[in-house]
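Below: coords-v6.cif (mmCIF, C-alpha atoms and all ligand atoms)
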```
data_final
#
loop_
_atom_site.label_atom_id
_atom_site.label_comp_id
_atom_site.auth_asym_id
_atom_site.auth_seq_id
_atom_site.Cartn_x
_atom_site.Cartn_y
_atom_site.Cartn_z
CA MET Q 1 83.21 58.02 107.27
CA ARG Q 2 79.83 57.01 108.61
CA SER Q 3 78.66 58.78 111.75
CA LYS Q 4 77.54 56.67 114.66
CA LEU Q 5 73.93 56.31 115.70
CA VAL Q 6 72.63 55.24 119.10
CA ALA Q 7 68.89 54.56 119.05
CA GLY Q 8 66.87 53.82 122.16
CA ASN Q 9 63.84 51.57 121.79
CA TRP Q 10 61.61 52.03 124.82
CA LYS Q 11 59.22 49.31 123.60
CA SER Q 12 55.92 49.36 125.52
CA ASN Q 13 57.38 51.13 128.56
CA GLY Q 14 57.14 54.54 130.13
CA SER Q 15 54.70 56.94 131.75
CA LEU Q 16 54.40 60.72 131.66
CA VAL Q 17 56.23 60.92 134.98
CA SER Q 18 59.02 58.42 134.26
CA ASN Q 19 59.58 59.83 130.75
CA LYS Q 20 60.15 63.29 132.19
CA SER Q 21 62.83 62.15 134.58
CA LEU Q 22 64.55 59.90 132.01
CA LEU Q 23 64.60 62.71 129.43
CA SER Q 24 65.83 65.35 131.82
CA ALA Q 25 68.79 63.08 132.65
CA LEU Q 26 69.42 62.29 128.97
CA LYS Q 27 69.41 65.95 128.03
CA GLU Q 28 72.45 66.36 130.28
CA CYS Q 29 74.44 63.66 128.53
CA SER Q 30 77.26 64.76 126.28
CA ILE Q 31 76.99 63.68 122.65
CA GLY Q 32 80.07 63.52 120.42
CA PRO Q 33 80.02 65.64 117.25
CA ASP Q 34 79.87 62.55 115.01
CA VAL Q 35 77.23 60.78 117.03
CA ASN Q 36 73.47 60.90 116.48
CA VAL Q 37 71.07 59.87 119.21
CA LEU Q 38 67.38 59.13 119.20
CA VAL Q 39 64.78 57.69 121.52
CA SER Q 40 61.65 55.82 120.43
CA PRO Q 41 58.82 56.03 122.95
CA PRO Q 42 55.38 54.45 122.50
CA PHE Q 43 52.98 56.32 120.17
CA ALA Q 44 51.03 57.86 123.06
CA TYR Q 45 54.08 59.81 124.26
CA LEU Q 46 55.60 60.91 120.96
CA SER Q 47 54.30 64.48 120.98
CA SER Q 48 55.27 65.14 124.57
CA VAL Q 49 58.73 63.63 124.07
CA VAL Q 50 59.27 65.76 120.94
CA GLU Q 51 58.25 68.81 123.00
CA ASP Q 52 60.54 67.85 125.89
CA LEU Q 53 63.54 67.34 123.62
CA LYS Q 54 63.23 70.66 121.78
CA GLY Q 55 66.62 72.36 121.75
CA SER Q 56 68.50 69.12 122.49
CA ARG Q 57 70.39 66.99 119.96
CA ILE Q 58 68.31 63.93 120.75
CA GLU Q 59 65.84 63.06 117.99
CA VAL Q 60 62.64 61.06 118.22
CA GLY Q 61 61.64 57.82 116.54
CA ALA Q 62 58.47 55.72 116.48
CA GLN Q 63 58.46 51.94 116.89
CA ASN Q 64 56.12 51.13 114.02
CA CYS Q 65 53.79 52.77 111.53
CA SER Q 66 50.96 51.90 109.21
CA ALA Q 67 51.55 50.24 105.85
CA TYR Q 68 48.67 52.36 104.53
CA ASN Q 69 47.80 55.97 103.91
CA SER Q 70 45.14 57.60 106.08
CA GLY Q 71 41.65 56.16 105.82
CA ALA Q 72 39.43 53.54 107.42
CA PHE Q 73 42.19 51.59 109.19
CA THR Q 74 41.20 51.54 112.85
CA GLY Q 75 44.16 51.66 115.22
CA GLU Q 76 46.76 52.53 112.59
CA VAL Q 77 49.14 55.50 112.72
CA THR Q 78 50.48 56.72 109.38
CA ALA Q 79 54.01 57.86 108.62
CA GLU Q 80 52.60 61.27 107.63
CA MET Q 81 51.05 61.66 111.09
CA LEU Q 82 54.37 60.78 112.70
CA LYS Q 83 56.11 63.36 110.55
CA GLU Q 84 53.54 65.97 111.53
CA VAL Q 85 54.21 65.54 115.25
CA GLY Q 86 57.97 65.88 114.83
CA VAL Q 87 59.12 62.26 114.57
CA GLU Q 88 62.16 61.74 112.32
CA TRP Q 89 62.77 57.97 112.48
CA VAL Q 90 60.64 54.83 112.43
CA ILE Q 91 61.75 51.37 113.55
CA ILE Q 92 60.32 48.84 111.12
CA GLY Q 93 60.18 45.04 111.29
CA HIS Q 94 61.40 44.63 114.86
CA SER Q 95 61.53 40.91 115.71
CA GLU Q 96 58.84 41.39 118.37
CA ARG Q 97 56.50 42.76 115.68
CA ARG Q 98 57.38 39.87 113.40
CA ALA Q 99 57.00 37.17 116.08
CA LEU Q 100 54.11 38.55 118.16
CA PHE Q 101 52.08 40.54 115.63
CA GLY Q 102 52.59 38.50 112.49
CA GLU Q 103 54.49 41.15 110.56
CA ARG Q 104 55.81 39.70 107.29
CA ASN Q 105 58.52 40.89 104.94
CA GLU Q 106 55.81 42.32 102.63
CA ASP Q 107 54.46 44.44 105.48
CA VAL Q 108 57.97 45.63 106.26
CA ALA Q 109 58.51 46.65 102.62
CA ALA Q 110 55.20 48.53 102.49
CA LYS Q 111 55.95 50.36 105.74
CA VAL Q 112 59.45 51.31 104.64
CA SER Q 113 58.04 52.81 101.48
CA LYS Q 114 55.52 54.90 103.46
CA VAL Q 115 58.22 56.05 105.87
CA LEU Q 116 60.48 57.20 103.04
CA ALA Q 117 57.62 58.85 101.17
CA ALA Q 118 56.80 60.86 104.31
CA GLY Q 119 60.41 62.09 104.48
CA LEU Q 120 61.25 60.00 107.54
CA ARG Q 121 64.10 57.53 107.96
CA PRO Q 122 63.48 53.82 108.52
CA ILE Q 123 65.49 51.65 110.90
CA VAL Q 124 64.88 48.22 109.44
CA CYS Q 125 65.46 45.27 111.75
CA VAL Q 126 66.69 41.88 110.62
CA GLY Q 127 67.91 38.95 112.70
CA GLU Q 128 67.87 35.20 113.07
CA THR Q 129 66.47 33.03 115.87
CA LEU Q 130 68.71 30.72 117.88
CA ASP Q 131 67.36 27.74 116.00
CA GLU Q 132 68.19 29.36 112.67
CA ARG Q 133 71.71 30.19 113.85
CA GLU Q 134 72.30 26.66 115.12
CA ASN Q 135 71.16 25.29 111.79
CA GLY Q 136 73.63 27.46 109.90
CA ARG Q 137 70.87 29.63 108.43
CA ALA Q 138 71.65 32.96 110.10
CA GLU Q 139 73.01 34.68 107.00
CA THR Q 140 70.31 33.34 104.69
CA VAL Q 141 67.55 34.49 107.03
CA CYS Q 142 68.99 37.99 107.48
CA ILE Q 143 69.53 38.43 103.75
CA GLU Q 144 66.01 37.18 103.01
CA GLN Q 145 64.64 39.74 105.45
CA LEU Q 146 66.76 42.50 103.94
CA ASP Q 147 65.71 41.59 100.40
CA GLY Q 148 62.10 41.42 101.59
CA ALA Q 149 62.36 44.89 103.14
CA MET Q 150 63.60 46.37 99.86
CA ALA Q 151 60.95 44.77 97.69
CA GLU Q 152 59.43 48.20 97.05
CA VAL Q 153 62.34 50.62 97.49
CA LYS Q 154 66.03 49.69 97.31
CA VAL Q 155 68.35 50.57 100.17
CA ASP Q 156 69.84 54.04 99.94
CA GLU Q 157 71.60 56.27 102.43
CA ARG Q 158 68.36 57.24 104.18
CA TRP Q 159 68.02 53.67 105.43
CA VAL Q 160 69.45 52.35 108.66
CA ILE Q 161 69.66 48.59 109.09
CA ALA Q 162 69.65 47.03 112.55
CA TYR Q 163 71.06 43.54 112.91
CA GLU Q 164 69.32 42.11 115.95
CA PRO Q 165 69.81 38.40 116.56
CA VAL Q 166 66.52 37.36 118.20
CA TRP Q 167 68.32 35.21 120.77
CA ALA Q 168 70.21 38.25 122.04
CA ILE Q 169 67.20 40.54 122.55
CA GLY Q 170 66.33 41.12 126.17
CA THR Q 171 68.22 37.98 127.20
CA GLY Q 172 71.47 39.50 128.45
CA LYS Q 173 73.28 37.42 125.79
CA THR Q 174 75.11 39.58 123.29
CA ALA Q 175 76.53 38.32 120.04
CA SER Q 176 80.31 38.45 120.31
CA ALA Q 177 81.78 41.51 118.66
CA GLU Q 178 83.34 39.19 116.04
CA ASP Q 179 80.06 37.42 115.22
CA ALA Q 180 78.21 40.72 115.03
CA GLN Q 181 80.92 42.21 112.80
CA ALA Q 182 80.80 39.14 110.55
CA MET Q 183 77.06 39.54 109.98
CA HIS Q 184 77.34 43.30 109.46
CA LYS Q 185 79.98 42.66 106.83
CA VAL Q 186 77.73 40.15 105.06
CA LEU Q 187 74.82 42.60 105.10
CA ARG Q 188 76.96 45.46 103.77
CA ALA Q 189 78.37 43.22 101.02
CA HIS Q 190 74.83 42.24 100.04
CA ILE Q 191 73.74 45.88 99.90
CA ARG Q 192 76.80 46.59 97.73
CA THR Q 193 75.83 43.79 95.34
CA VAL Q 194 72.22 44.90 95.04
CA CYS Q 195 72.48 48.68 95.44
CA GLY Q 196 76.09 49.59 94.64
CA ASP Q 197 78.47 51.97 96.38
CA VAL Q 198 75.80 53.43 98.62
CA ALA Q 199 76.56 50.40 100.83
CA GLU Q 200 79.53 52.28 102.26
CA LYS Q 201 77.22 55.03 103.50
CA VAL Q 202 74.49 52.88 105.03
CA VAL Q 203 74.51 52.85 108.81
CA ILE Q 204 74.21 49.33 110.22
CA LEU Q 205 73.38 49.06 113.92
CA TYR Q 206 73.78 46.09 116.21
CA GLY Q 207 70.99 45.36 118.67
CA GLY Q 208 70.52 42.74 121.37
CA SER Q 209 71.50 43.31 125.01
CA VAL Q 210 73.78 46.26 124.25
CA LYS Q 211 74.88 47.87 127.50
CA ALA Q 212 77.57 50.18 128.81
CA SER Q 213 79.93 47.25 129.40
CA ASN Q 214 79.89 45.86 125.85
CA ALA Q 215 79.18 48.92 123.69
CA GLU Q 216 82.77 49.99 123.20
CA GLU Q 217 83.95 46.64 121.88
CA LEU Q 218 81.01 46.46 119.49
CA PHE Q 219 81.55 50.03 118.24
CA GLU Q 220 85.20 49.29 117.48
CA GLN Q 221 84.20 46.86 114.75
CA GLU Q 222 84.58 48.16 111.24
CA ASP Q 223 81.00 47.60 110.08
CA ILE Q 224 79.16 48.32 113.34
CA ASP Q 225 77.94 51.90 113.19
CA GLY Q 226 76.06 52.10 116.46
CA ALA Q 227 73.34 50.32 118.39
CA LEU Q 228 69.64 49.81 118.77
CA VAL Q 229 69.23 49.64 122.52
CA GLY Q 230 66.19 48.24 124.35
CA GLY Q 231 66.42 47.64 128.09
CA ALA Q 232 69.48 49.83 128.66
CA SER Q 233 67.79 52.81 126.97
CA LEU Q 234 65.41 53.06 129.93
CA LYS Q 235 68.29 53.71 132.34
CA ALA Q 236 69.74 57.17 131.84
CA GLU Q 237 73.21 56.32 133.11
CA GLU Q 238 73.56 53.19 130.97
CA PHE Q 239 72.25 54.91 127.86
CA ALA Q 240 74.53 57.91 128.39
CA ALA Q 241 77.51 55.56 128.74
CA ILE Q 242 76.58 53.81 125.47
CA VAL Q 243 76.29 57.21 123.76
CA SER Q 244 79.70 58.19 125.04
CA ALA Q 245 81.20 54.85 123.88
CA ALA Q 246 80.07 55.86 120.37
CA GLY Q 247 82.51 58.78 120.40
CA ASN Q 248 83.31 62.02 122.18
P1 LIG R 301 67.55 44.79 124.30
O1 LIG R 301 66.55 45.05 123.07
O2 LIG R 301 68.63 45.84 124.21
O3 LIG R 301 66.71 44.91 125.52
O4 LIG R 301 68.11 43.41 124.10
C1 LIG R 301 67.02 45.48 121.83
C2 LIG R 301 65.86 45.65 120.88
O5 LIG R 301 64.91 44.86 120.97
O6 LIG R 301 65.87 46.55 120.03
#
```

Hey, can you dump this file as structure tokens for me?
Amino acid sequence: MRSKLVAGNWKSNGSLVSNKSLLSALKECSIGPDVNVLVSPPFAYLSSVVEDLKGSRIEVGAQNCSAYNSGAFTGEVTAEMLKEVGVEWVIIGHSERRALFGERNEDVAAKVSKVLAAGLRPIVCVGETLDERENGRAETVCIEQLDGAMAEVKVDERWVIAYEPVWAIGTGKTASAEDAQAMHKVLRAHIRTVCGDVAEKVVILYGGSVKASNAEELFEQEDIDGALVGGASLKAEEFAAIVSAAGN
């Protein structure tokens, strides 16, 4: 049995004051024994969020990291640095990074390998655009991205995959539970083909307008092991309801 994971992605949002009140509400939320929860604030707040969450079951993730080791790489934050400040997870290859910051599959693979080498766990995002879905290319695109991500290191049980159809992110449109399940099944089958039985242990999250009202239906699907939550992770009540939909 895979445990469930609910991961909040704060994106480029937050402030010292708003983080404090969001976290103090989240610390009150009840988390089922088979559920893991993390929040991913912007880099600037990681240390203070780690500090704030000490003693709680909520872990901390980053939203990106460098594809390089430390050195003359202005503006980059290495996986080792993240580890040092208490981060345990790193989201890699989010569609916003791919679309807005030119991140390619090769960059994703290099970052994943740094994350794993630092002893952190990657949450690797894949997902098709609306155009790709309408042209019947959704599966091909997601599998290409997954293969690209494992160009350096093959998927093993440290990896988490997040299927995030680009057209569902921040739009209020969620993939139907059936469509999401179908893609999760394809991804798991592909991991089984390439990496073997470990596929059964790999957590695959759905992301894209997950909220309290649709989380339960998504989590009931056989291959959906939790969610990567953007907008709704900034609202304590919504996020707590998603966490509770993952199991009590
Ligand atoms: P959303 O974002 O929940 O706001 O759609 C999800 C994500 O981008 O990870």

Handout entry: Top pick for closest residue to Val39 of chain Q, considering Q:Gly208, Q:Gly230, Q:Gly247, Q:Gly136 and counting all atoms listed in the file
Key = Q:Gly230

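Shortest atom-to-atom contact with Glu157 of chain Q among Q:Gly172, Q:Pro122, Q:Pro33, Q:Pro41: Q:Pro122, counting only C-alpha atoms.
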
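Compared by their closest atoms to Ile123 of chain Q, and using all atoms listed in the file, the residues Q:Gly148, Q:Ser213, Q:Ala7, Q:Val37 rank with Q:Ala7 nearest.
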
Output the neighbourhood of ligand LIG 301 (chain R) as a PDB file with C-alpha atoms, in the coordinates of the input, that is, all protein and nucleic acid residues with some atom at most 7 Å from the ligand, counting all atoms listed in the file.
```
ATOM      1  CA  ASN Q   9      63.840  51.570 121.790  1.00  0.00           C
ATOM      2  CA  GLU Q 164      69.320  42.110 115.950  1.00  0.00           C
ATOM      3  CA  ALA Q 168      70.210  38.250 122.040  1.00  0.00           C
ATOM      4  CA  ILE Q 169      67.200  40.540 122.550  1.00  0.00           C
ATOM      5  CA  GLY Q 170      66.330  41.120 126.170  1.00  0.00           C
ATOM      6  CA  THR Q 171      68.220  37.980 127.200  1.00  0.00           C
ATOM      7  CA  GLY Q 172      71.470  39.500 128.450  1.00  0.00           C
ATOM      8  CA  GLY Q 207      70.990  45.360 118.670  1.00  0.00           C
ATOM      9  CA  GLY Q 208      70.520  42.740 121.370  1.00  0.00           C
ATOM     10  CA  SER Q 209      71.500  43.310 125.010  1.00  0.00           C
ATOM     11  CA  VAL Q 210      73.780  46.260 124.250  1.00  0.00           C
ATOM     12  CA  LEU Q 228      69.640  49.810 118.770  1.00  0.00           C
ATOM     13  CA  VAL Q 229      69.230  49.640 122.520  1.00  0.00           C
ATOM     14  CA  GLY Q 230      66.190  48.240 124.350  1.00  0.00           C
ATOM     15  CA  GLY Q 231      66.420  47.640 128.090  1.00  0.00           C
ATOM     16  CA  ALA Q 232      69.480  49.830 128.660  1.00  0.00           C
TER      17      ALA Q 232
END
```

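Using all atoms listed in the file, the contacts of Leu38 of chain Q at a cut-off of 9 Å, with sequence neighbours closer than 2 positions omitted, comprise Leu5, Val6, Ala7, Gly8, Asn9, Asn36, Ser40, Arg57, Ile58, Glu59, Val60, Gly61 and Trp89 of chain Q.
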
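Atom CA of Asn135 of chain Q is found 29.4 Å from atom CA of Val112 of chain Q.
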
Handout entry: Residue with smallest distance to Asn69 of chain Q - pool Q:Val126, Q:Glu139, Q:Ala118, Q:Trp167, counting all atoms listed in the file
Key = Q:Ala118

Handout entry: For Asn13 of chain Q: contacts at 12 Å, only C-alpha atoms, fewer than 3 positions along chain excluded, given as a list in words
Key = Gly8, Asn9, Trp10, Leu16, Val17, Ser18, Asn19, Leu22, Ser40, Pro41, Pro42, Phe43, Ala44, Tyr45, Gln63, Gly230, Gly231, Ser233, Leu234 and Lys235 of chain Q

Any chance you could turn segment 123-147 of chain Q into a file with N, CA, C and O atoms, as a PDB file, in the first residue's frame?
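Produced file selection15.pdb, reproduced below:
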```pdb
ATOM      1  N   ILE Q 123       9.935  15.788  -6.519  1.00  0.00           N
ATOM      2  CA  ILE Q 123       8.550  15.664  -7.005  1.00  0.00           C
ATOM      3  C   ILE Q 123       8.606  16.156  -8.447  1.00  0.00           C
ATOM      4  O   ILE Q 123       8.747  17.359  -8.700  1.00  0.00           O
ATOM      5  N   VAL Q 124       8.580  15.242  -9.371  1.00  0.00           N
ATOM      6  CA  VAL Q 124       8.830  15.579 -10.768  1.00  0.00           C
ATOM      7  C   VAL Q 124       7.507  15.768 -11.508  1.00  0.00           C
ATOM      8  O   VAL Q 124       6.671  14.865 -11.539  1.00  0.00           O
ATOM      9  N   CYS Q 125       7.340  16.964 -12.072  1.00  0.00           N
ATOM     10  CA  CYS Q 125       6.064  17.292 -12.714  1.00  0.00           C
ATOM     11  C   CYS Q 125       6.092  16.982 -14.208  1.00  0.00           C
ATOM     12  O   CYS Q 125       7.063  17.317 -14.903  1.00  0.00           O
ATOM     13  N   VAL Q 126       5.022  16.382 -14.679  1.00  0.00           N
ATOM     14  CA  VAL Q 126       4.825  16.177 -16.110  1.00  0.00           C
ATOM     15  C   VAL Q 126       3.386  16.579 -16.425  1.00  0.00           C
ATOM     16  O   VAL Q 126       2.532  16.566 -15.548  1.00  0.00           O
ATOM     17  N   GLY Q 127       3.137  16.939 -17.677  1.00  0.00           N
ATOM     18  CA  GLY Q 127       1.754  17.292 -18.028  1.00  0.00           C
ATOM     19  C   GLY Q 127       1.686  17.912 -19.406  1.00  0.00           C
ATOM     20  O   GLY Q 127       2.624  18.580 -19.844  1.00  0.00           O
ATOM     21  N   GLU Q 128       0.558  17.688 -20.055  1.00  0.00           N
ATOM     22  CA  GLU Q 128       0.381  18.177 -21.427  1.00  0.00           C
ATOM     23  C   GLU Q 128      -0.390  19.490 -21.449  1.00  0.00           C
ATOM     24  O   GLU Q 128      -1.141  19.790 -20.529  1.00  0.00           O
ATOM     25  N   THR Q 129      -0.213  20.252 -22.531  1.00  0.00           N
ATOM     26  CA  THR Q 129      -1.013  21.468 -22.731  1.00  0.00           C
ATOM     27  C   THR Q 129      -2.366  21.060 -23.335  1.00  0.00           C
ATOM     28  O   THR Q 129      -2.542  19.915 -23.773  1.00  0.00           O
ATOM     29  N   LEU Q 130      -3.266  22.024 -23.393  1.00  0.00           N
ATOM     30  CA  LEU Q 130      -4.597  21.738 -23.964  1.00  0.00           C
ATOM     31  C   LEU Q 130      -4.459  21.334 -25.434  1.00  0.00           C
ATOM     32  O   LEU Q 130      -5.080  20.376 -25.902  1.00  0.00           O
ATOM     33  N   ASP Q 131      -3.600  22.058 -26.129  1.00  0.00           N
ATOM     34  CA  ASP Q 131      -3.380  21.781 -27.541  1.00  0.00           C
ATOM     35  C   ASP Q 131      -2.879  20.347 -27.743  1.00  0.00           C
ATOM     36  O   ASP Q 131      -3.353  19.614 -28.615  1.00  0.00           O
ATOM     37  N   GLU Q 132      -1.942  19.953 -26.897  1.00  0.00           N
ATOM     38  CA  GLU Q 132      -1.408  18.584 -26.996  1.00  0.00           C
ATOM     39  C   GLU Q 132      -2.498  17.545 -26.699  1.00  0.00           C
ATOM     40  O   GLU Q 132      -2.595  16.522 -27.357  1.00  0.00           O
ATOM     41  N   ARG Q 133      -3.336  17.847 -25.710  1.00  0.00           N
ATOM     42  CA  ARG Q 133      -4.423  16.898 -25.393  1.00  0.00           C
ATOM     43  C   ARG Q 133      -5.388  16.801 -26.578  1.00  0.00           C
ATOM     44  O   ARG Q 133      -5.772  15.715 -26.994  1.00  0.00           O
ATOM     45  N   GLU Q 134      -5.747  17.976 -27.120  1.00  0.00           N
ATOM     46  CA  GLU Q 134      -6.729  17.958 -28.222  1.00  0.00           C
ATOM     47  C   GLU Q 134      -6.188  17.273 -29.468  1.00  0.00           C
ATOM     48  O   GLU Q 134      -6.948  16.793 -30.294  1.00  0.00           O
ATOM     49  N   ASN Q 135      -4.874  17.251 -29.577  1.00  0.00           N
ATOM     50  CA  ASN Q 135      -4.274  16.573 -30.729  1.00  0.00           C
ATOM     51  C   ASN Q 135      -3.906  15.126 -30.437  1.00  0.00           C
ATOM     52  O   ASN Q 135      -3.127  14.518 -31.179  1.00  0.00           O
ATOM     53  N   GLY Q 136      -4.431  14.607 -29.318  1.00  0.00           N
ATOM     54  CA  GLY Q 136      -4.209  13.198 -28.990  1.00  0.00           C
ATOM     55  C   GLY Q 136      -2.792  12.877 -28.568  1.00  0.00           C
ATOM     56  O   GLY Q 136      -2.361  11.724 -28.650  1.00  0.00           O
ATOM     57  N   ARG Q 137      -2.042  13.914 -28.118  1.00  0.00           N
ATOM     58  CA  ARG Q 137      -0.633  13.683 -27.789  1.00  0.00           C
ATOM     59  C   ARG Q 137      -0.351  13.667 -26.282  1.00  0.00           C
ATOM     60  O   ARG Q 137       0.807  13.635 -25.865  1.00  0.00           O
ATOM     61  N   ALA Q 138      -1.404  13.685 -25.474  1.00  0.00           N
ATOM     62  CA  ALA Q 138      -1.196  13.823 -24.025  1.00  0.00           C
ATOM     63  C   ALA Q 138      -0.260  12.737 -23.474  1.00  0.00           C
ATOM     64  O   ALA Q 138       0.717  13.045 -22.780  1.00  0.00           O
ATOM     65  N   GLU Q 139      -0.542  11.499 -23.802  1.00  0.00           N
ATOM     66  CA  GLU Q 139       0.274  10.412 -23.240  1.00  0.00           C
ATOM     67  C   GLU Q 139       1.717  10.489 -23.726  1.00  0.00           C
ATOM     68  O   GLU Q 139       2.658  10.317 -22.946  1.00  0.00           O
ATOM     69  N   THR Q 140       1.877  10.738 -25.023  1.00  0.00           N
ATOM     70  CA  THR Q 140       3.230  10.810 -25.589  1.00  0.00           C
ATOM     71  C   THR Q 140       4.044  11.889 -24.898  1.00  0.00           C
ATOM     72  O   THR Q 140       5.209  11.678 -24.534  1.00  0.00           O
ATOM     73  N   VAL Q 141       3.418  13.057 -24.706  1.00  0.00           N
ATOM     74  CA  VAL Q 141       4.136  14.182 -24.096  1.00  0.00           C
ATOM     75  C   VAL Q 141       4.538  13.842 -22.658  1.00  0.00           C
ATOM     76  O   VAL Q 141       5.688  14.062 -22.245  1.00  0.00           O
ATOM     77  N   CYS Q 142       3.598  13.278 -21.894  1.00  0.00           N
ATOM     78  CA  CYS Q 142       3.905  12.975 -20.484  1.00  0.00           C
ATOM     79  C   CYS Q 142       4.995  11.907 -20.395  1.00  0.00           C
ATOM     80  O   CYS Q 142       5.891  12.003 -19.544  1.00  0.00           O
ATOM     81  N   ILE Q 143       4.935  10.932 -21.264  1.00  0.00           N
ATOM     82  CA  ILE Q 143       5.958   9.871 -21.221  1.00  0.00           C
ATOM     83  C   ILE Q 143       7.316  10.420 -21.662  1.00  0.00           C
ATOM     84  O   ILE Q 143       8.342  10.087 -21.069  1.00  0.00           O
ATOM     85  N   GLU Q 144       7.307  11.301 -22.656  1.00  0.00           N
ATOM     86  CA  GLU Q 144       8.571  11.941 -23.072  1.00  0.00           C
ATOM     87  C   GLU Q 144       9.184  12.714 -21.913  1.00  0.00           C
ATOM     88  O   GLU Q 144      10.389  12.668 -21.676  1.00  0.00           O
ATOM     89  N   GLN Q 145       8.335  13.434 -21.180  1.00  0.00           N
ATOM     90  CA  GLN Q 145       8.843  14.219 -20.046  1.00  0.00           C
ATOM     91  C   GLN Q 145       9.364  13.299 -18.940  1.00  0.00           C
ATOM     92  O   GLN Q 145      10.393  13.578 -18.327  1.00  0.00           O
ATOM     93  N   LEU Q 146       8.656  12.211 -18.714  1.00  0.00           N
ATOM     94  CA  LEU Q 146       9.099  11.260 -17.689  1.00  0.00           C
ATOM     95  C   LEU Q 146      10.425  10.605 -18.100  1.00  0.00           C
ATOM     96  O   LEU Q 146      11.368  10.528 -17.297  1.00  0.00           O
ATOM     97  N   ASP Q 147      10.511  10.177 -19.342  1.00  0.00           N
ATOM     98  CA  ASP Q 147      11.773   9.589 -19.821  1.00  0.00           C
ATOM     99  C   ASP Q 147      12.900  10.616 -19.740  1.00  0.00           C
ATOM    100  O   ASP Q 147      14.020  10.292 -19.353  1.00  0.00           O
TER     101      ASP Q 147
END
```
